[in-house]
Structure formats: structure tokens, C-alpha cells
Amino acid sequence: MYARGVSDKPAAKSAEDEDETPTLRQSLHDSLAALRLVVSTHRGYAAGIASFGLVASALPAAIAWTGRAIVDCVERAADGGDPTLRTQAMWLVALELVLVAVMTACHRGAGLFGSLLRMRVAQRVNEAILEKALHLELADFETPEVLDRMTRARREASYRPMSHVDNLGGVAQGVLSLMGLGALLGALSPWTVVALIVATIPSFVAELRFGKEAFRLFSWRSPETRKQNYLEMLLARADYAKEVKLFGLGPMFLARYRAIFHALWAEDRDLTVKRAAYALLLGQISMLVFYAVYAWVAYSAASGLITLGAMTMALLAFRQAEGSLSGLLSTASQILGDRPYLRTLFSFLEHQAPDHALGTETEGPKPDDGVRFENVAFAYPGATEPVLKDISFHLPPRHKLALVGENGAGKTTLIKLLTRLYRPTAGRILLDGLPLDQWEEAALHRRIGVIFQDFVQYQLTVGENVGAGDVRAYEDEARWTEAADKGTALDFVRELPKGFGTQLGKWFDDGRELSLGQWQKIALSRAFMRKDADLLVLDEPTASMDAEAEARIFARFRALTADRSAILISHRFSTVRMADTILVIEGGRILEQGSHTELMARGGRYAHLFTLQAQGYRD
């Protein structure tokens with residue numbers, strides 16, 4: 001099973017993965033969406049960041065100009081000895097101190113508000129992803145493309161949207177700072193502005209290239225990340241531990257986990273080494289350009305073409321401008337690198353299930369009609385063959401229906417169609433004369449109580465596990481007691497250390513583990529929590545119970561469901577014979593239907609299987 005599903009080799013990069021860079025229009029849409037998300041999360045924090053950033057952007061040029069004034073003032077004071085110039089120089093130093101202090105305070109203030117806002121944004125984005133997951137169709141959770149998109153969206157949700165908006169703000173601040181510094185340098189010599197651009201453009205091109213390469217790796221390896229997560233779960237979860245240990249699977253799973261990491265790490269290593277090499281080379285170019293400007297400014301000052309103050313200002317402004325432009329271009333490349341991630345995030349949040357009309361009805365026109373399947377077929381997305389074909393039957397109110405068939409015949413799929421977890425690809429299903437698509441979802445689900453074969457074992461208290469069957473009575477202990485009594489769980493629940501307050505599972509302190517049979521009784525009790533449900537669906541409800549417990553449950557089953565319809569899936573023919581109607585499903589079709597007596601008299605598939613099983617019990 002596992003060997004076919006999780007290989008130790010990363011998947012090949014598909015053409016689709018190679019072409020995930022969004023268009024300019026999409027990028028603008030996503031950037032604006034990220035900006036709206038961040039600002040709307042906390043307008044006060046966002047306003048604080050913008051205000052501090054605006055003030056900070058004007059200060060580098062002011063500081064450079066003040067430095068020039070200080071040096072010129074000191075130079076004139078040294079030549080002429082005018083004491084007022086010395087006083088003026090001290091005031092200018094004090095002014096620069098204030099400017100630097102204000103700039104430092106602005107950076108600190110923006111950082112403070114940014115940290116506070118970042119935590120709020122991360123929580124909001126994660127909530128948005130989880131809320132979207134709540135509205136996905138069940139088929140979406142079984143579609144690798146949707147799961148990969150959600151994996152990528154969640155992986156950097158805690159920081160990427162806020163980082164993108166930070167980068168947008170950084171670009172705006174960098175542009176304002178460069179405008180002031182560029183004006184100072186341009187007044188001295190236009191060639192300094194040209195040199196500034198020459199010193200920074202190459203690194204921008206390199207960053208842009210490596211940013212795209214980094215996201216390409218990020219995109220295509222999503223399936224491998226899910227495989228690693230699955231392997232971690234197999235190795236670290238208690239419910240897998242006993243089988244992993246017993247079969248000696250641990251070392252093999254760990255080796256596969258390690259192999260996937262090393263294959264992915266090799267790509268990261270190569271990218272990091274190339275990035276560092278380019279950074280070193282381009283950094284040397286930038287340094288040579290700076291010192292060329294330095295030499296020209298020093299020569300001009302030594303020749304008397306400019307003052308020492310102008311030289312100081314030019315060097316300070318050039319160094320600051322180079323840093324600002326380099327940071328601006330680096331930030332711009334990060335913004336471009338954010339584009340594919342944001343497209344992944346917002347495309348997931350904008351993902352729409354197939355265009356199904358949302359029902360609004362809460363009752364049907366024929367309350368005494370029950371459930372009808374009319375020529376229903378179902379195929380999984382992308383599948384060539386349907387799982388169910390031409391399914392038609394009628395379940396009147398208060399009748400009992402049993403589904404019999406081999407594993408994979410389509411029995412559980414039929415139940416998922418009835419509960420609208422799946423939607424038919426052909427035909428229709430009606431409840432009380434109303435097609436399921438026209439029912440309001442909550443109203444439909446209140447009408448049906450279900451226990452699936454793979455029911456969830458919640459790591460919660462006993463009461464919460466039972467109460468999960470009806471969220472409206474989730475904390476109603478009287479309802480817990482009533483449901484547990486119907487599900488035959490009450491006796492062992494009362495023997496637990498804290499009764500309904502006992503923590504189940506081993507994930508949390510004082511957790512108590514139950515046997516599979518006890519868990520199944522909890523799940524059965526959960527189904528009985530739905531008082532409004534006039535249809536009870538039991539998918540292998542006693543598969544993990546002993547014979548005595550099974551006999552007790554089915555001895556009470558008819559009494560408990562006397563005023564309800566019921567659908568029972570079971571491989572034990574001794575339990576299904578009590579149903580009013582039995583459907584024998586084979587190959588996705590109804591092969592036979594009728595009562596136990598009718599089917600036995602017919603001598604067909606059901607009679608053959610019943611006889612084989614009965615013979616096994618006699619032998």
C-alpha cells in the first residue's frame with residue numbers, strides 16, 4: 001500500500017509547475033488584495049507603520065545636507081576663527097543628532113507596529129485558509145491539485161502576505177529617500193547618479209532570476225512536502241506506532257523521509273551556492289564603482305573644485321543612496337518573487353467548488369415519501385469508469401434498508417451521495433419529494449444521523465465525542481447520557497475515571513485510550529445525538545464489537561428506530577436479515593433487491609452468500 005503511494009524519489013517537474021508565474025494583471029490584483037487584507041486587519045497599526053515610514057524616508061537627505069553644513073562651517077571657522085561659526089557648528093551637530101534620533105525612533109516605531117500587525121495578519125490568513133477548507137467539497141480533499149495548492153498556501157501563510165506589504169512599503173519609502181538623495185547628488189554631478197544605477201542594477205537582475213528559481217522549487221515540490229508530512233505522521237503518531245513497530249517499517253519509512261530531504265536539499269544547496277557566487281561578484285563591481293566615485297570626489301575636493309563639506313555630503317549621500325537603491329531593487333525583486341506565492345494563496349481562497357446551486361428549502365412537498373434514488377450514477381473526477389451506475393430504489397419512512405456487497409462495490413459512496421458529500425454525475429436523489437440540491441445543507445444534515453466505518457476518534461472528552469453528533473447540543477450532558485444509553489456506551493462510560501469528562505486519546509494529559517469496540521459504541525452514540533434525524537445510517541456499526549455486544553445492539557435496533565428510517569451496511573448477514581429491503585450491490589449496480597425471505601427464495605447471489613456465511617458459523 002505505502003510503497004505505491006509514497007516513493008523516495010521526488011516527482012518530476014511538470015510543465016504546469018514551470019509556468020506558474022502570474023501575469024502582471026494578476027500580480028496587481030494579488031498585491032492590492034494583500035494590501036487590503038493587511039490594512040483591514042488593524043487600521044491603527046497600518047497607519048502607524050505608514051506614518052513612521054513617511055517621516056523616515058525624508059530624513060536621509062536631511063542628514064546628508066546637515067553633514068555638509070557641519071563640515072563647511074567647521075572649515076570656515078578654522079580658516080577665519082569666527083567664534084559664531086563654532087557655535088553654529090555645534091547647533092548643526094545637535095540638529096543632526098535630533099534627525100538621527102528621530103529616524104531611529106521611526107524605524108523602531110514602524111518595527112513595533114509591524115511586529116504587532118504581522119501576528120494579527122498571520123492569524124487572519126491562517127483562519128481564512130481554514131475557513132476556506134470548511135467550504136470545500138469532499139471531492140476537493142481527494143484531489144491532489146487542490147491539496148498541493150492548500151499545502152503551498154499554508155506553508156508561508158504566517159509571514160508572506162505581511163512581508164509582501166512590508167516590501168511594498170519599503171519600495172515607497174526607498175523611492176522617497178532616493179528622490180531626496182538623488183537631488184543632492186544630481187546638483188553635484190549628474191554622473192554620480194549614473195554611477196549609482198550602474199552599481200546596483202546587476203544585483204537586481206540576479207535577485208530577480210534567483211527569486212523565480214526559488215519559487216519554481218517551492219511549487220513543484222509540494223507533493224514531496226506532503227509525502228514527508230505523511231511519513232512524519234506514520235513515525236510519530238500513536239495510532240500508527242504499533243503496526244510500524246510490529247512490521248519493522250520504521251527504518252524504511254525514515255530512510256524514505258531522509259531520501260526525500262536529501263533530494264530536495266541538493267536543489268536548495270545548488271541555488272544557495274549560485275546565489276552566493278553571484279552576490280560576491282556583483283558586490284565587487286558595486287564596490288569598484290563606489291571607490292571610483294570616492295576617488296573622483298576626493299580629487300575634486302583636493303583640487304578646490306568642491307568644498308570638504310560637499311565632498312562629505314557626496315560620499316555620505318552616495319553611500320546612502322547606493323544602500324537605498326540596492327535595498328529598493330532587492331525589495332522589488334522580493335515583491336516579484338512574492339507574486340507566484342500570492343497567486344497560489346489567493347487562487348486557493350478564490351477556489352470555487354463545481355457550480356452547484358445552494359439549496360434553501362428546509363422541508364419537502366411529500367413528507368411521507370422518504371428517500372428516492374432515480375437512475376443515479378457517480379464517477380470520481382478524472383475517472384474513466386463510474387463507481388455507481390443506474391441506482392434506483394425507494395426507502396419509505398420508517399422502513400429499514402440494508403446494503404450488501406463486496407468491499408469496493410460502492411456502498412459507502414452511495415451513503416456519501418445521500419448526505420450530499422458527493423453529488424451524482426447522473427440521475428437524482430430526492431428526500432420527501434424534493435431533490436437534494438434544493439435542500440438547505442444544515443436542514444438536510446439534521447435529518448440524517450450517520451456513523452461511517454472510518455468514524456473519527458476525536459482527541460476530546462467522552463462527552464464532546466458524543467456531543468459532536470449534534471453541535472446544537474454539544475455540551476448538553478442530559479443528551480449525552482440519552483445518546484450513550486441508546487448506543488450501549490453508557491455502562492462503560494460511567495466506569496471511566498471522570499465519566500463523560502474523561503479525556504480520550506494519548507495526545508493530551510490524562511488521556512484514556514479505548515478499545516475499538518468501545519470507540520464504535522461512542523460513534524454509535526454520536527449518531528443517536530440527532531433527535532431530529534428521521535433517517536439513521538449505520539456503515540458497519542458493529543465491525544469492531546464482540547458477538548454479545550452486537551447481539552445487544554441489534555436486539556434494541558428495531559425499537560430504537562421504530563419511528564425512523566434506517567440504512568444499514570454490514571458484511572454480517574445475521575444483522576441485515578432484519579431489514580425490510582436488502583439491496584445487493586455488485587460492480588456499482590443493484591444486482592438484487594427484496595426482503596431476506598424473497599432473496600433466499602430467489603436463490604441468487606444473496607442466497608449464495610448467506611448460505612456460505614451460515615455454513616462457516618456451523619463449521
# chains A, B, ... in the order shown; residues from 1 in each chain; ligands from 1
>>> residues_around(residues="Val576 of chain A", least_positions_apart="2", cutoff="9 Å", atoms="only C-alpha atoms", output="ChimeraX atom specification")
/A:401-404,568-574,578-579,582,596
>>> select_by_dssp(residues="segment 324-447 of chain A", states="strand (DSSP E)", output="PyMOL selection string")
chain A and resi 371-378+388-395+400-404+426-431+434-435
>>> residues_around(residues="Val100 of chain A", least_positions_apart="5", cutoff="10 Å", atoms="only C-alpha atoms", output="list in words")
Ala56, Leu59, Pro60, Ala62, Ile63, Ala94, Leu95, Ala105 and Cys106 of chain A
>>> closest_residue(among="A:Ile451, A:Val273, A:Leu431, A:Val537", to="Lys366 of chain A", atoms="only C-alpha atoms")
A:Leu431
>>> closest_residue(among="A:Leu37, A:Leu345, A:Ala195, A:Val471", to="Arg124 of chain A", atoms="only C-alpha atoms")
A:Leu37
>>> residues_around(residues="Thr597 of chain A", least_positions_apart="5", cutoff="10 Å", atoms="only C-alpha atoms", output="PyMOL selection string")
chain A and resi 577+580-581+602+607
>>> write_last_selection(atoms="N, CA, C and O atoms", output="PDB file, in the first residue's frame")
ATOM      1  N   ARG A 577     -30.591  -9.343   7.823  1.00  0.00           N
ATOM      2  CA  ARG A 577     -31.842 -10.047   7.528  1.00  0.00           C
ATOM      3  C   ARG A 577     -33.040  -9.374   8.182  1.00  0.00           C
ATOM      4  O   ARG A 577     -34.185  -9.610   7.779  1.00  0.00           O
ATOM      5  N   ASP A 580     -36.232  -4.440   6.088  1.00  0.00           N
ATOM      6  CA  ASP A 580     -37.414  -4.642   5.249  1.00  0.00           C
ATOM      7  C   ASP A 580     -37.007  -4.941   3.809  1.00  0.00           C
ATOM      8  O   ASP A 580     -37.645  -5.751   3.132  1.00  0.00           O
ATOM      9  N   THR A 581     -35.961  -4.235   3.348  1.00  0.00           N
ATOM     10  CA  THR A 581     -35.477  -4.411   1.987  1.00  0.00           C
ATOM     11  C   THR A 581     -33.963  -4.541   2.011  1.00  0.00           C
ATOM     12  O   THR A 581     -33.279  -3.821   2.758  1.00  0.00           O
ATOM     13  N   ARG A 602     -35.340 -16.700  -4.017  1.00  0.00           N
ATOM     14  CA  ARG A 602     -34.889 -16.495  -5.390  1.00  0.00           C
ATOM     15  C   ARG A 602     -33.644 -17.336  -5.692  1.00  0.00           C
ATOM     16  O   ARG A 602     -33.364 -17.662  -6.857  1.00  0.00           O
ATOM     17  N   ALA A 607     -28.619 -15.291  -1.636  1.00  0.00           N
ATOM     18  CA  ALA A 607     -28.825 -16.605  -1.032  1.00  0.00           C
ATOM     19  C   ALA A 607     -27.516 -17.391  -0.982  1.00  0.00           C
ATOM     20  O   ALA A 607     -27.218 -18.083   0.007  1.00  0.00           O
TER      21      ALA A 607
END
>>> closest_residue(among="A:Ala523, A:Leu395, A:Val38, A:Ile429", to="Lys416 of chain A", atoms="only C-alpha atoms")
A:Ile429
>>> residues_around(residues="segment 118-122 of chain A", least_positions_apart="2", cutoff="9 Å", atoms="only C-alpha atoms", output="ChimeraX atom specification")
/A:37-38,41-42,113-116,124-127,157-163
>>> residues_around(residues="Met233 of chain A", least_positions_apart="6", cutoff="12 Å", atoms="only C-alpha atoms", output="list in words")
Arg226, Lys227, Asp239, Tyr240, Ala241, Val244, Gly250, Phe253, Leu254 and Tyr257 of chain A
>>> write_last_selection(atoms="C-alpha atoms", output="PDB file, in the first residue's frame")
ATOM      1  CA  ARG A 226       3.013  16.200   1.712  1.00  0.00           C
ATOM      2  CA  LYS A 227       4.825  12.865   1.465  1.00  0.00           C
ATOM      3  CA  ASP A 239      -2.280   5.105  16.275  1.00  0.00           C
ATOM      4  CA  TYR A 240       0.334   4.011  13.710  1.00  0.00           C
ATOM      5  CA  ALA A 241       3.129   3.115  16.123  1.00  0.00           C
ATOM      6  CA  VAL A 244       5.029   0.287  12.300  1.00  0.00           C
ATOM      7  CA  GLY A 250      10.216   2.377  10.928  1.00  0.00           C
ATOM      8  CA  PHE A 253       9.995   4.967   6.391  1.00  0.00           C
ATOM      9  CA  LEU A 254      12.785   7.028   7.994  1.00  0.00           C
ATOM     10  CA  TYR A 257      11.922  10.571   4.643  1.00  0.00           C
TER      11      TYR A 257
END
>>> atom_distance(atom1="atom CA of Arg446 of chain A", atom2="atom CA of Thr412 of chain A")
19.3 Å
>>> closest_residue(among="A:Lys411, A:His399, A:Arg423, A:His351", to="Glu586 of chain A", atoms="only C-alpha atoms")
A:Lys411
>>> residues_around(residues="Ala478 of chain A", least_positions_apart="2", cutoff="12 Å", atoms="only C-alpha atoms", output="VMD selection string")
chain A and resid 463 466 to 467 473 to 476 480 to 485 490 500 529
>>> write_last_selection(atoms="C-alpha atoms", output="PDB file, in the first residue's frame")
ATOM      1  CA  GLY A 463     -18.933  13.929  26.279  1.00  0.00           C
ATOM      2  CA  VAL A 466     -20.710  12.023  21.793  1.00  0.00           C
ATOM      3  CA  GLY A 467     -21.927  15.627  21.565  1.00  0.00           C
ATOM      4  CA  ALA A 473     -26.461  20.127  21.951  1.00  0.00           C
ATOM      5  CA  TYR A 474     -22.690  19.820  22.022  1.00  0.00           C
ATOM      6  CA  GLU A 475     -22.417  20.475  25.795  1.00  0.00           C
ATOM      7  CA  ASP A 476     -25.797  19.050  26.887  1.00  0.00           C
ATOM      8  CA  TRP A 480     -25.034  12.783  26.054  1.00  0.00           C
ATOM      9  CA  THR A 481     -26.489  10.357  28.596  1.00  0.00           C
ATOM     10  CA  GLU A 482     -29.557   9.601  26.472  1.00  0.00           C
ATOM     11  CA  ALA A 483     -27.491   9.063  23.307  1.00  0.00           C
ATOM     12  CA  ALA A 484     -24.874   6.934  25.097  1.00  0.00           C
ATOM     13  CA  ASP A 485     -27.632   4.750  26.508  1.00  0.00           C
ATOM     14  CA  LEU A 490     -23.342   4.333  28.966  1.00  0.00           C
ATOM     15  CA  PHE A 500     -18.184  11.987  30.324  1.00  0.00           C
ATOM     16  CA  MET A 529     -27.465  12.531  19.312  1.00  0.00           C
TER      17      MET A 529
END
>>> closest_residue(among="A:Gly517, A:Gly603, A:Gly48, A:Gly449", to="Asp539 of chain A", atoms="only C-alpha atoms")
A:Gly449
>>> atom_distance(atom1="atom CA of Ala58 of chain A", atom2="atom CA of Gln284 of chain A")
29.3 Å
>>> closest_residue(among="A:Glu540, A:Glu131, A:Glu374, A:Asp437", to="Arg420 of chain A", atoms="only C-alpha atoms")
A:Asp437
>>> atom_distance(atom1="atom CA of His135 of chain A", atom2="atom CA of His29 of chain A")
23.2 Å
>>> decode(residues="segment 487-503 of chain A", atoms="all heavy atoms", output="tab-separated table (two decimals), in the first residue's frame")
chain	number	residue	atom	x	y	z
A	487	GLY	N	-26.72	4.05	22.36
A	487	GLY	CA	-25.57	3.48	21.67
A	487	GLY	C	-24.85	2.42	22.46
A	487	GLY	O	-23.75	1.98	22.07
A	488	THR	N	-25.42	2.01	23.62
A	488	THR	CA	-24.88	0.98	24.52
A	488	THR	C	-23.50	1.33	25.05
A	488	THR	O	-22.70	0.44	25.35
A	488	THR	CB	-24.84	-0.41	23.84
A	488	THR	OG1	-23.85	-0.40	22.81
A	488	THR	CG2	-26.20	-0.81	23.27
A	489	ALA	N	-23.19	2.63	25.16
A	489	ALA	CA	-21.89	3.05	25.68
A	489	ALA	C	-21.97	3.50	27.13
A	489	ALA	O	-20.94	3.69	27.78
A	489	ALA	CB	-21.33	4.19	24.82
A	490	LEU	N	-23.19	3.69	27.66
A	490	LEU	CA	-23.34	4.33	28.97
A	490	LEU	C	-22.69	3.53	30.08
A	490	LEU	O	-22.06	4.10	30.99
A	490	LEU	CB	-24.83	4.55	29.27
A	490	LEU	CG	-25.14	5.41	30.49
A	490	LEU	CD1	-24.51	6.79	30.36
A	490	LEU	CD2	-26.66	5.54	30.67
A	491	ASP	N	-22.79	2.20	30.04
A	491	ASP	CA	-22.25	1.39	31.14
A	491	ASP	C	-20.74	1.59	31.28
A	491	ASP	O	-20.23	1.82	32.39
A	491	ASP	CB	-22.56	-0.09	30.90
A	491	ASP	CG	-24.04	-0.40	31.09
A	491	ASP	OD1	-24.74	0.44	31.69
A	491	ASP	OD2	-24.49	-1.46	30.62
A	492	PHE	N	-20.00	1.50	30.19
A	492	PHE	CA	-18.53	1.64	30.33
A	492	PHE	C	-18.12	3.10	30.53
A	492	PHE	O	-17.10	3.37	31.16
A	492	PHE	CB	-17.79	1.01	29.15
A	492	PHE	CG	-17.65	1.85	27.93
A	492	PHE	CD1	-16.67	2.85	27.83
A	492	PHE	CD2	-18.48	1.66	26.83
A	492	PHE	CE1	-16.53	3.62	26.69
A	492	PHE	CE2	-18.35	2.42	25.69
A	492	PHE	CZ	-17.38	3.41	25.62
A	493	VAL	N	-18.92	4.05	30.05
A	493	VAL	CA	-18.61	5.47	30.28
A	493	VAL	C	-18.68	5.79	31.76
A	493	VAL	O	-17.83	6.51	32.30
A	493	VAL	CB	-19.56	6.38	29.47
A	493	VAL	CG1	-19.43	7.83	29.93
A	493	VAL	CG2	-19.28	6.27	27.98
A	494	ARG	N	-19.67	5.25	32.44
A	494	ARG	CA	-19.81	5.51	33.89
A	494	ARG	C	-18.66	4.92	34.69
A	494	ARG	O	-18.40	5.35	35.81
A	494	ARG	CB	-21.14	4.93	34.37
A	494	ARG	CG	-22.35	5.80	33.97
A	494	ARG	CD	-23.66	5.15	34.34
A	494	ARG	NE	-24.77	6.08	34.16
A	494	ARG	CZ	-26.06	5.72	34.14
A	494	ARG	NH1	-26.38	4.43	34.28
A	494	ARG	NH2	-27.00	6.61	33.96
A	495	GLU	N	-17.99	3.93	34.13
A	495	GLU	CA	-16.85	3.32	34.84
A	495	GLU	C	-15.54	4.07	34.59
A	495	GLU	O	-14.54	3.77	35.26
A	495	GLU	CB	-16.70	1.86	34.39
A	495	GLU	CG	-17.88	0.98	34.79
A	495	GLU	CD	-17.76	-0.43	34.23
A	495	GLU	OE1	-16.76	-0.68	33.50
A	495	GLU	OE2	-18.63	-1.27	34.52
A	496	LEU	N	-15.52	5.01	33.67
A	496	LEU	CA	-14.31	5.79	33.40
A	496	LEU	C	-14.04	6.74	34.56
A	496	LEU	O	-14.96	7.14	35.28
A	496	LEU	CB	-14.46	6.56	32.10
A	496	LEU	CG	-14.56	5.71	30.82
A	496	LEU	CD1	-14.87	6.60	29.61
A	496	LEU	CD2	-13.27	4.94	30.60
A	497	PRO	N	-12.76	7.15	34.78
A	497	PRO	CA	-12.40	7.97	35.95
A	497	PRO	C	-13.24	9.23	36.11
A	497	PRO	O	-13.66	9.56	37.22
A	497	PRO	CB	-10.93	8.32	35.67
A	497	PRO	CG	-10.44	7.23	34.77
A	497	PRO	CD	-11.60	6.82	33.94
A	498	LYS	N	-13.51	9.92	35.02
A	498	LYS	CA	-14.29	11.16	35.09
A	498	LYS	C	-15.57	11.08	34.27
A	498	LYS	O	-16.14	12.11	33.91
A	498	LYS	CB	-13.44	12.34	34.61
A	498	LYS	CG	-12.21	12.60	35.48
A	498	LYS	CD	-11.43	13.81	34.96
A	498	LYS	CE	-10.18	14.05	35.82
A	498	LYS	NZ	-9.38	15.21	35.30
A	499	GLY	N	-16.03	9.88	33.98
A	499	GLY	CA	-17.26	9.74	33.23
A	499	GLY	C	-17.17	10.44	31.89
A	499	GLY	O	-16.21	10.25	31.13
A	500	PHE	N	-18.17	11.26	31.59
A	500	PHE	CA	-18.18	11.99	30.32
A	500	PHE	C	-17.06	13.03	30.24
A	500	PHE	O	-16.76	13.51	29.16
A	500	PHE	CB	-19.53	12.68	30.12
A	500	PHE	CG	-20.64	11.75	29.71
A	500	PHE	CD1	-21.65	11.41	30.60
A	500	PHE	CD2	-20.66	11.21	28.44
A	500	PHE	CE1	-22.67	10.55	30.23
A	500	PHE	CE2	-21.67	10.33	28.05
A	500	PHE	CZ	-22.68	10.00	28.95
A	501	GLY	N	-16.46	13.36	31.37
A	501	GLY	CA	-15.36	14.34	31.36
A	501	GLY	C	-14.00	13.72	31.13
A	501	GLY	O	-12.98	14.43	31.15
A	502	THR	N	-13.94	12.41	30.91
A	502	THR	CA	-12.66	11.73	30.69
A	502	THR	C	-12.07	12.10	29.34
A	502	THR	O	-12.74	12.02	28.31
A	502	THR	CB	-12.86	10.21	30.76
A	502	THR	OG1	-13.44	9.85	32.01
A	502	THR	CG2	-11.52	9.49	30.58
A	503	GLN	N	-10.80	12.51	29.38
A	503	GLN	CA	-10.10	12.83	28.13
A	503	GLN	C	-9.76	11.54	27.39
A	503	GLN	O	-9.25	10.58	27.98
A	503	GLN	CB	-8.80	13.59	28.44
A	503	GLN	CG	-7.89	13.82	27.26
A	503	GLN	CD	-8.43	14.82	26.27
A	503	GLN	OE1	-8.98	15.84	26.66
A	503	GLN	NE2	-8.30	14.53	24.99
